[in-house]
file data38.cif (mmCIF, C-alpha atoms)
data_my_file
#
loop_
_atom_site.label_atom_id
_atom_site.label_comp_id
_atom_site.auth_asym_id
_atom_site.auth_seq_id
_atom_site.Cartn_x
_atom_site.Cartn_y
_atom_site.Cartn_z
CA MET A 62 21.34 -62.35 -10.31
CA PHE A 63 20.04 -58.79 -9.89
CA ASN A 64 22.24 -57.93 -6.93
CA TYR A 65 24.93 -56.36 -9.10
CA VAL A 66 22.65 -54.16 -11.23
CA ASN A 67 22.19 -51.38 -8.66
CA ARG A 68 25.60 -51.71 -7.15
CA ASN A 69 28.10 -48.86 -7.45
CA PRO A 70 31.67 -50.13 -7.80
CA PHE A 71 33.14 -46.86 -6.39
CA GLY A 72 31.09 -46.80 -3.18
CA GLN A 73 29.67 -43.31 -3.82
CA LYS A 74 26.07 -42.24 -3.80
CA ILE A 75 24.64 -42.05 -7.28
CA GLU A 76 22.08 -39.36 -7.95
CA SER A 77 19.97 -39.16 -11.04
CA ALA A 78 19.89 -36.01 -13.12
CA VAL A 79 16.36 -35.33 -11.95
CA SER A 80 17.31 -35.33 -8.26
CA THR A 81 20.34 -33.07 -8.77
CA GLY A 82 18.17 -30.66 -10.74
CA GLN A 83 15.68 -30.62 -7.88
CA GLY A 84 18.47 -30.00 -5.38
CA GLN A 85 19.68 -27.02 -7.37
CA GLN A 86 16.13 -25.76 -7.65
CA GLN A 87 15.66 -26.11 -3.90
CA LYS A 88 18.93 -24.23 -3.26
CA LYS A 89 17.81 -21.45 -5.59
CA GLN A 90 14.39 -21.26 -3.90
CA GLN A 91 16.03 -21.21 -0.47
CA GLN A 92 18.36 -18.40 -1.58
CA GLU A 93 15.39 -16.38 -2.90
CA ASP A 94 13.50 -16.94 0.35
CA ASP A 95 16.53 -15.84 2.37
CA ASP A 96 16.94 -12.72 0.22
CA GLU A 97 13.27 -11.83 0.63
CA LYS A 98 13.44 -12.43 4.38
CA ARG A 99 16.51 -10.18 4.68
CA TYR A 100 14.77 -7.50 2.60
CA LEU A 101 11.67 -7.60 4.79
CA GLU A 102 13.68 -7.55 8.00
CA ASP A 103 15.69 -4.50 6.99
CA ASP A 104 14.56 -1.59 9.10
CA ASP A 105 13.87 0.96 6.39
CA GLN A 106 12.67 4.42 7.11
CA ASP A 107 8.87 4.55 6.75
CA GLU A 108 8.87 8.20 5.86
CA VAL A 109 9.11 9.19 2.21
CA THR A 110 10.47 12.57 1.23
CA LEU A 111 8.85 13.75 -1.98
CA SER A 112 10.80 16.90 -2.46
CA LYS A 113 13.07 19.35 -0.72
CA LEU A 114 10.41 21.95 -0.14
CA PRO A 115 10.72 24.09 2.98
CA GLU A 116 8.74 23.17 6.07
CA LEU A 117 5.52 25.08 6.63
CA SER A 118 5.17 27.60 9.40
CA GLU A 119 1.96 28.15 11.36
CA ASP A 120 1.04 31.13 9.18
CA ASP A 121 1.59 29.05 6.04
CA VAL A 122 -0.68 26.33 7.38
CA LYS A 123 -3.39 28.87 8.28
CA TYR A 124 -3.26 30.27 4.76
CA LEU A 125 -3.32 26.83 3.14
CA VAL A 126 -6.22 25.68 5.32
CA ASN A 127 -8.27 28.71 4.29
CA GLU A 128 -7.41 28.13 0.62
CA TYR A 129 -8.30 24.45 0.90
CA LYS A 130 -11.60 25.26 2.61
CA THR A 131 -12.47 27.81 -0.07
CA LYS A 132 -11.63 25.30 -2.80
CA LEU A 133 -13.85 22.63 -1.23
CA ILE A 134 -16.74 25.04 -0.79
CA ASN A 135 -16.48 26.18 -4.42
CA GLU A 136 -16.39 22.59 -5.68
CA HIS A 137 -19.44 21.52 -3.68
CA GLN A 138 -21.56 24.66 -3.53
CA ASP A 139 -24.55 22.83 -5.04
CA ASN A 140 -24.69 20.21 -2.24
CA GLU A 141 -25.98 21.66 1.03
CA LYS A 142 -25.22 18.60 3.18
CA THR A 143 -21.62 18.53 2.02
CA LEU A 144 -21.25 22.24 2.71
CA GLN A 145 -22.52 21.72 6.25
CA LYS A 146 -20.04 18.88 6.79
CA ILE A 147 -17.19 21.04 5.48
CA GLU A 148 -18.15 23.97 7.71
CA ARG A 149 -18.46 21.69 10.75
CA PHE A 150 -15.06 20.10 10.06
CA PHE A 151 -13.24 23.41 9.65
CA SER A 152 -14.98 25.00 12.66
CA LYS A 153 -13.44 22.25 14.84
CA PHE A 154 -10.09 22.32 13.02
CA ASP A 155 -7.18 23.17 15.36
CA ILE A 156 -4.06 24.30 13.49
CA LYS A 157 -1.67 23.82 16.40
CA LYS A 158 -2.89 20.28 17.02
CA PHE A 159 -2.71 19.56 13.29
CA MET A 160 0.89 20.77 13.13
CA LYS A 161 1.80 18.78 16.24
CA GLN A 162 0.39 15.59 14.68
CA ASN A 163 2.22 16.28 11.39
CA PRO A 164 5.64 17.80 12.12
CA HIS A 165 8.08 18.79 9.37
CA MET A 166 5.25 19.18 6.86
CA THR A 167 5.79 20.57 3.38
CA ALA A 168 3.13 21.97 1.03
CA SER A 169 2.77 18.66 -0.81
CA ASP A 170 2.47 16.82 2.51
CA PHE A 171 -0.22 19.25 3.58
CA ASN A 172 -2.28 18.59 0.47
CA MET A 173 -2.06 14.82 0.88
CA ILE A 174 -3.00 14.98 4.55
CA MET A 175 -5.90 17.37 3.99
CA TYR A 176 -7.22 15.22 1.16
CA ASN A 177 -7.18 12.18 3.45
CA GLU A 178 -8.90 14.15 6.22
CA THR A 179 -11.64 15.65 4.04
CA SER A 180 -12.28 12.88 1.50
CA ARG A 181 -14.95 11.34 3.75
CA LEU A 182 -16.76 14.67 3.90
CA VAL A 183 -17.35 15.07 0.19
CA VAL A 184 -18.68 11.61 -0.64
#
call {"tool": "encode", "arguments": {"input": "data38.cif", "output": "structure tokens"}}
result
Amino acid sequence: MFNYVNRNPFGQKIESAVSTGQGQQQKKQQQEDDDEKRYLEDDDQDEVTLSKLPELSEDDVKYLVNEYKTKLINEHQDNEKTLQKIERFFSKFDIKKFMKQNPHMTASDFNMIMYNETSRLVV
């Protein structure tokens, strides 16, 4: 008696509205996953250019290092241990090696790099 209740007279698969909604949701999720995967796989340039400032020469770097050192000493003149750390760091500082490690450096790049190098000194 119940054999004809679930029978489709057209021979096609019948899907409920819930299952078709889930299929569309799965397609959408798959598309988003594919988009994210493509975005992550794109080989973007890791270097960020902040501005079009000119590159620093060796003389510019020497000047900026001295200015940065003076600024640090003035900021921390009341702390003797910090002053010793700053003096020790800058006595070992090699400008040519620094420029070789950081080619095509602008003034803003210099300030970011020096902050990262000296932040552990002034804790």
call {"tool": "closest_residue", "arguments": {"input": "data38.cif", "among": "A:Val122, A:Val183, A:Leu133, A:Leu144", "to": "Lys158 of chain A", "atoms": "all atoms listed in the file"}}
result
A:Val122
call {"tool": "resolve_selection", "arguments": {"input": "data38.cif", "expression": "the PyMOL selection byres ((chain A and resi 184) around 12)", "output": "mmCIF file with C-alpha atoms, in the coordinates of the input"}}
result
data_model
loop_
_atom_site.group_PDB
_atom_site.id
_atom_site.type_symbol
_atom_site.label_atom_id
_atom_site.label_comp_id
_atom_site.auth_asym_id
_atom_site.auth_seq_id
_atom_site.Cartn_x
_atom_site.Cartn_y
_atom_site.Cartn_z
ATOM 1 C CA HIS A 137 -19.440 21.520 -3.680
ATOM 2 C CA ASN A 140 -24.690 20.210 -2.240
ATOM 3 C CA LYS A 142 -25.220 18.600 3.180
ATOM 4 C CA THR A 143 -21.620 18.530 2.020
ATOM 5 C CA LEU A 144 -21.250 22.240 2.710
ATOM 6 C CA LYS A 146 -20.040 18.880 6.790
ATOM 7 C CA ILE A 147 -17.190 21.040 5.480
ATOM 8 C CA THR A 179 -11.640 15.650 4.040
ATOM 9 C CA SER A 180 -12.280 12.880 1.500
ATOM 10 C CA ARG A 181 -14.950 11.340 3.750
ATOM 11 C CA LEU A 182 -16.760 14.670 3.900
ATOM 12 C CA VAL A 183 -17.350 15.070 0.190
#
call {"tool": "atom_distance", "arguments": {"input": "data38.cif", "atom1": "atom CA of Gln162 of chain A", "atom2": "atom CA of Glu148 of chain A"}}
result
21.5 Å
call {"tool": "closest_residue", "arguments": {"input": "data38.cif", "among": "A:Leu101, A:Gln83, A:Phe151, A:Lys89", "to": "Val126 of chain A", "atoms": "only C-alpha atoms"}}
result
A:Phe151
call {"tool": "atom_distance", "arguments": {"input": "data38.cif", "atom1": "atom CA of Met160 of chain A", "atom2": "atom CA of Glu119 of chain A"}}
result
7.7 Å
call {"tool": "resolve_selection", "arguments": {"input": "data38.cif", "expression": "the PyMOL selection byres ((chain A and resi 117) around 10)", "output": "PyMOL selection string"}}
result
chain A and resi 114-116+118-123+125+160+164-168+170-171
call {"tool": "atom_distance", "arguments": {"input": "data38.cif", "atom1": "atom CA of Gln145 of chain A", "atom2": "atom CA of Ile174 of chain A"}}
result
20.7 Å
